[in-house]
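S.K.: Pasting a structure below so you can have a look.
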Amino acid sequence: MEPAALLATTFGKQSWFWGAAVAVVGLLLLANLLLFVFVFARRLRDLTRVRRTARFERECEEMLDAIESASGPHDLERMRARIRGFNELERPIAAKMLIERLQSESPEQREAVLAALRDVGGTDLIMRSLRRRRPWRRSLAIGAAGLLGDTAAVPEVIEHLSDKSRYVREASVRALGRIGDERALPQLADLFLRPGRAGAGFVYEAVLGFGEASVPVFREGLSSEMPTVRLTSCFGIATVLEPAEARAELVRMLEDPAGEVRAAAAESLGRIPGTSVPDELIRATGDSVPSVRRAAVTALGSYDDAGALASLVAALDDADRDVALRAGESLVRLGRLPKAGSLARAAIDETDAWPLETARVLDSLGAV
């Protein structure tokens, strides 16, 4: 028997069947109606939110202009009350706009903004926001405190170095590096010497921001069991120490068991050249690791010392093409220096090795 016929003869005669069918259709219609209402309400809410955001951004722009003005805000009480009344939508918008402004301003301008924000209660709002439940809200507040250079926020930002969110921890590292308050240096040093809880690059830049105070951290890093820490410390030492002291530290790192550390030491020595090239750097041009030889021959081009010429000429025949090319470029650079220049040019004239030809072409393009 056909299904339609069966329906007509069996279910079609049952009253419960039609009742159930009507109920199902009704439920489907109701579901469609509810879905329509939900979508409409969502779009209406989004449209309202966009309008409120645009209106608040204009208001916030005016407030920031008043805070940054030479005379400061005129109606302090009104502005304090308005800032205290910022809601969940307005607080993050205000923080983002403040950060955008501060990024393009000088340290002096940031100090003036910080003083004005203290007067109107803005720094109190930032401090409260450091305790928000959502990580992105905490990181926004930390970023604002860092750009403002607010030393009053340092103890609490230090606590966020142990935040459960890596995003917040790295925001804290950046902020503490910008503020430069030495109360944070021990914790940042621990992050640098025992990496993993925050991006190594963020921590290195933060420690580097402390200048001379960071020297003990980088010196300790040179003796770390971790090659990555020793490597990064080479660049830190070259940046924060006086050249003569830095060279003494870096020369001994050319004997490091890790090739990547030796390469970093050689590269760092090239950043702090002198008139006399270290013998250890010349020997590094014969290292078993190509990256070390590349760094060494490149560094020799920064020293105005004819003692490097023999090693550079020999490196033109290196089995590694990059080493040979870097040697040619270094010879071309030495040819421009006052003491070693004449001898370097004579050495260049005596050979037709391909790395020199390539280096000359690059030099004509301003690339050497």
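Here's how to read the names in the structure tokens: chain A, B, ... by the order shown, residue numbers from 1 in each chain, ligand numbers from 1 in the order shown.
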If we count only C-alpha atoms, what is near segment 247-250 of chain A at a cut-off of 7 Å, once residues fewer than 6 positions away on the same chain are taken out, given as a list of chain:residue names?
M.R.: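 Counting only the stated atoms, we get A:Cys234, A:Ala265, A:Leu269.
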S.K.: Can you spit out the residues from that selection as a JSON list (two decimals), in the first residue's frame, using N, CA and C atoms?
M.R.:
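Listed below is the output, again.json:
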[["chain", "number", "residue", "atom", "x", "y", "z"],
["A", 234, "CYS", "N", 75.20, 38.64, 25.13],
["A", 234, "CYS", "CA", 76.27, 39.24, 24.32],
["A", 234, "CYS", "C", 75.83, 40.58, 23.75],
["A", 265, "ALA", "N", 78.73, 36.70, 19.81],
["A", 265, "ALA", "CA", 79.85, 37.46, 20.35],
["A", 265, "ALA", "C", 80.61, 38.17, 19.24],
["A", 269, "LEU", "N", 80.96, 42.19, 18.70],
["A", 269, "LEU", "CA", 82.25, 42.88, 18.61],
["A", 269, "LEU", "C", 82.30, 43.80, 17.40]]
S.K.: With a distance cut-off of 6 Å and only C-alpha atoms, select the neighbouring residues of segment 166-177 of chain A, excluding the residue or stretch itself and same-chain residues fewer than 3 positions from it, and output the selection as a list of chain:residue names.
M.R.: A:Ser139, A:Gly143, A:Gly146, A:Val157, A:His160, A:Leu161, A:Asp163, A:Gly180, A:Ala198, A:Ala206, A:Gly209
S.K.: Emit the selected residues as an mmCIF file, in the first residue's frame, including C-alpha atoms.
M.R.:
data_model
loop_
_atom_site.group_PDB
_atom_site.id
_atom_site.type_symbol
_atom_site.label_atom_id
_atom_site.label_comp_id
_atom_site.auth_asym_id
_atom_site.auth_seq_id
_atom_site.Cartn_x
_atom_site.Cartn_y
_atom_site.Cartn_z
ATOM 1 C CA SER A 139 46.673 44.504 29.779
ATOM 2 C CA GLY A 143 49.913 49.465 28.855
ATOM 3 C CA GLY A 146 53.629 51.990 31.253
ATOM 4 C CA VAL A 157 52.321 45.784 37.745
ATOM 5 C CA HIS A 160 51.085 40.886 37.192
ATOM 6 C CA LEU A 161 54.403 39.363 36.099
ATOM 7 C CA ASP A 163 49.473 36.693 36.012
ATOM 8 C CA GLY A 180 62.376 52.127 34.337
ATOM 9 C CA ALA A 198 57.239 35.741 28.833
ATOM 10 C CA ALA A 206 62.772 45.731 29.209
ATOM 11 C CA GLY A 209 65.878 49.922 29.229
#
S.K.: Of the candidates A:Glu280, A:Asp181, A:Glu68, A:Asp320, which one gets nearest to Arg294 of chain A if we count only C-alpha atoms?
M.R.: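 Using only C-alpha atoms, the shortest distance to Arg294 of chain A belongs to A:Asp320.
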S.K.: Using only C-alpha atoms, which residues sit within 12 Å of Arg345 of chain A once same-chain residues fewer than 2 positions away are excluded, as a list in words?
M.R.: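 These residues fall inside the cut-off: Ala306, Leu309, Val313, Gly328, Ser330, Leu331, Val332, Arg333, Leu334, Gly335, Arg336, Leu337, Pro338, Lys339, Ala340, Gly341, Ser342, Leu343, Ala347, Ile348, Asp349, Glu350, Thr351, Leu356 and Arg360 of chain A.
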S.K.: Show me, as a PDB file with C-alpha atoms, in the first residue's frame, the residues that have an atom within 12 Å of Arg262 of chain A when counting only C-alpha atoms, minus same-chain residues fewer than 6 positions from it.
M.R.:
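As written to disk, out_14.pdb reads:
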ATOM      1  CA  LEU A 222      77.003  35.309  30.012  1.00  0.00           C
ATOM      2  CA  PRO A 227      72.825  29.125  25.238  1.00  0.00           C
ATOM      3  CA  THR A 228      69.924  31.417  24.337  1.00  0.00           C
ATOM      4  CA  ARG A 230      74.269  33.692  26.823  1.00  0.00           C
ATOM      5  CA  LEU A 231      73.568  34.705  23.217  1.00  0.00           C
ATOM      6  CA  THR A 232      71.190  37.518  24.189  1.00  0.00           C
ATOM      7  CA  SER A 233      73.539  38.673  26.931  1.00  0.00           C
ATOM      8  CA  CYS A 234      76.274  39.235  24.324  1.00  0.00           C
ATOM      9  CA  PHE A 235      74.131  41.868  22.633  1.00  0.00           C
ATOM     10  CA  LEU A 250      82.849  39.411  24.452  1.00  0.00           C
ATOM     11  CA  VAL A 251      86.299  38.177  23.441  1.00  0.00           C
ATOM     12  CA  ARG A 252      86.095  35.372  25.988  1.00  0.00           C
ATOM     13  CA  MET A 253      82.671  34.403  24.637  1.00  0.00           C
ATOM     14  CA  LEU A 254      84.358  33.555  21.318  1.00  0.00           C
ATOM     15  CA  GLU A 255      85.464  30.364  23.117  1.00  0.00           C
ATOM     16  CA  ASP A 256      81.890  29.416  24.082  1.00  0.00           C
ATOM     17  CA  SER A 268      78.534  42.150  18.919  1.00  0.00           C
ATOM     18  CA  LEU A 269      82.254  42.876  18.608  1.00  0.00           C
ATOM     19  CA  GLU A 280      90.477  36.074  18.989  1.00  0.00           C
ATOM     20  CA  LEU A 281      88.158  37.666  16.417  1.00  0.00           C
ATOM     21  CA  ARG A 283      90.925  33.373  14.732  1.00  0.00           C
ATOM     22  CA  ALA A 284      87.130  33.133  14.626  1.00  0.00           C
ATOM     23  CA  THR A 285      87.287  33.516  10.829  1.00  0.00           C
ATOM     24  CA  ASP A 287      85.777  28.569  13.103  1.00  0.00           C
ATOM     25  CA  SER A 288      84.192  25.233  12.199  1.00  0.00           C
ATOM     26  CA  VAL A 289      80.696  26.755  12.232  1.00  0.00           C
ATOM     27  CA  PRO A 290      79.819  28.850   9.121  1.00  0.00           C
ATOM     28  CA  SER A 291      77.619  31.288  11.044  1.00  0.00           C
ATOM     29  CA  VAL A 292      80.555  32.142  13.320  1.00  0.00           C
ATOM     30  CA  ARG A 293      82.854  32.714  10.338  1.00  0.00           C
ATOM     31  CA  ARG A 294      80.215  34.925   8.699  1.00  0.00           C
ATOM     32  CA  ALA A 295      79.850  37.036  11.837  1.00  0.00           C
ATOM     33  CA  ALA A 296      83.618  37.267  12.303  1.00  0.00           C
TER      34      ALA A 296
END
S.K.: When you look at Val229 of chain A with a cut-off of 10 Å (counting only C-alpha atoms), what residues show up, excluding the ones that are within fewer than 5 positions of it in the same chain? I need them as a ChimeraX atom specification.
M.R.: /A:192-195,200,204,218,220-224,234,261
S.K.: Keeping N, CA and C atoms for every residue in the selection just given, could you write it to a file as a JSON list (two decimals), in the first residue's frame?
M.R.:
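Result saved to result.json:
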[["chain", "number", "residue", "atom", "x", "y", "z"],
["A", 192, "PHE", "N", 64.55, 37.10, 32.70],
["A", 192, "PHE", "CA", 65.57, 37.05, 31.66],
["A", 192, "PHE", "C", 66.46, 35.82, 31.82],
["A", 193, "LEU", "N", 66.88, 35.56, 33.04],
["A", 193, "LEU", "CA", 67.82, 34.46, 33.29],
["A", 193, "LEU", "C", 67.13, 33.10, 33.33],
["A", 194, "ARG", "N", 65.83, 33.08, 33.54],
["A", 194, "ARG", "CA", 65.06, 31.83, 33.55],
["A", 194, "ARG", "C", 63.86, 32.00, 32.62],
["A", 195, "PRO", "N", 64.12, 32.01, 31.33],
["A", 195, "PRO", "CA", 63.07, 32.36, 30.35],
["A", 195, "PRO", "C", 61.97, 31.31, 30.26],
["A", 200, "ALA", "N", 61.09, 36.15, 25.25],
["A", 200, "ALA", "CA", 62.47, 36.55, 25.55],
["A", 200, "ALA", "C", 62.79, 37.94, 25.01],
["A", 204, "TYR", "N", 64.19, 41.03, 27.22],
["A", 204, "TYR", "CA", 65.50, 41.63, 26.89],
["A", 204, "TYR", "C", 65.36, 43.14, 26.72],
["A", 218, "PHE", "N", 73.21, 41.16, 32.62],
["A", 218, "PHE", "CA", 73.80, 40.61, 31.40],
["A", 218, "PHE", "C", 75.11, 39.87, 31.70],
["A", 220, "GLU", "N", 75.73, 38.17, 34.41],
["A", 220, "GLU", "CA", 75.31, 36.87, 34.91],
["A", 220, "GLU", "C", 74.80, 36.00, 33.77],
["A", 221, "GLY", "N", 74.13, 36.64, 32.81],
["A", 221, "GLY", "CA", 73.61, 35.90, 31.66],
["A", 221, "GLY", "C", 74.69, 35.27, 30.82],
["A", 222, "LEU", "N", 75.89, 35.88, 30.78],
["A", 222, "LEU", "CA", 77.00, 35.31, 30.01],
["A", 222, "LEU", "C", 77.44, 33.96, 30.57],
["A", 223, "SER", "N", 77.13, 33.71, 31.83],
["A", 223, "SER", "CA", 77.52, 32.44, 32.48],
["A", 223, "SER", "C", 76.35, 31.48, 32.61],
["A", 224, "SER", "N", 75.24, 31.80, 32.00],
["A", 224, "SER", "CA", 74.05, 30.96, 32.10],
["A", 224, "SER", "C", 74.29, 29.58, 31.47],
["A", 234, "CYS", "N", 75.20, 38.64, 25.13],
["A", 234, "CYS", "CA", 76.27, 39.24, 24.32],
["A", 234, "CYS", "C", 75.83, 40.58, 23.75],
["A", 261, "VAL", "N", 76.33, 31.13, 20.15],
["A", 261, "VAL", "CA", 76.84, 32.13, 21.10],
["A", 261, "VAL", "C", 78.12, 32.77, 20.56]]
S.K.: Taking the DSSP secondary structure from the backbone, can you list the residues of segment 31-265 of chain A that are helix (DSSP H, G or I), as a PyMOL selection string?
M.R.: chain A and resi 31-68+76-84+90-103+107-120+122-129+135-148+151-162+166-179+182-193+200-208+211-222+227-240+243-253+259-265
S.K.: Just want the 9 Å neighbourhood of segment 97-113 of chain A, counted on only C-alpha atoms, with same-chain residues fewer than 6 positions away dropped. Output as a list in words.
M.R.: Glu57, Cys60, Glu61, Leu64, Ile67, Glu68, Ala70, Leu140, Gly143, Ala144, Leu147, Leu148, Gly149 and Asp150 of chain A
S.K.: The selected residues should be written to file as a PDB file, in the first residue's frame (atoms: C-alpha atoms).
M.R.:
ATOM      1  CA  GLU A  57      34.957  58.941  21.320  1.00  0.00           C
ATOM      2  CA  CYS A  60      36.873  61.507  25.130  1.00  0.00           C
ATOM      3  CA  GLU A  61      38.788  63.391  22.445  1.00  0.00           C
ATOM      4  CA  LEU A  64      42.077  64.437  26.342  1.00  0.00           C
ATOM      5  CA  ILE A  67      43.979  67.352  29.856  1.00  0.00           C
ATOM      6  CA  GLU A  68      46.841  68.044  27.428  1.00  0.00           C
ATOM      7  CA  ALA A  70      48.756  74.065  28.815  1.00  0.00           C
ATOM      8  CA  LEU A 140      45.118  47.745  28.495  1.00  0.00           C
ATOM      9  CA  GLY A 143      49.913  49.465  28.855  1.00  0.00           C
ATOM     10  CA  ALA A 144      48.513  52.887  29.764  1.00  0.00           C
ATOM     11  CA  LEU A 147      53.334  54.700  28.622  1.00  0.00           C
ATOM     12  CA  LEU A 148      52.533  57.267  31.300  1.00  0.00           C
ATOM     13  CA  GLY A 149      55.597  56.206  33.279  1.00  0.00           C
ATOM     14  CA  ASP A 150      53.448  55.964  36.393  1.00  0.00           C
TER      15      ASP A 150
END
S.K.: If you count only C-alpha atoms, which residues fall within 9 Å of Leu208 of chain A, apart from same-chain ones fewer than 6 positions away, as a PyMOL selection string?
M.R.: chain A and resi 177+214-215+236+239-240
S.K.: Hey, can you check how far atom CA of Pro155 of chain A sits from atom CA of Arg183 of chain A?
M.R.: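 For atom CA of Pro155 of chain A relative to atom CA of Arg183 of chain A, the distance reads 8.1 Å.
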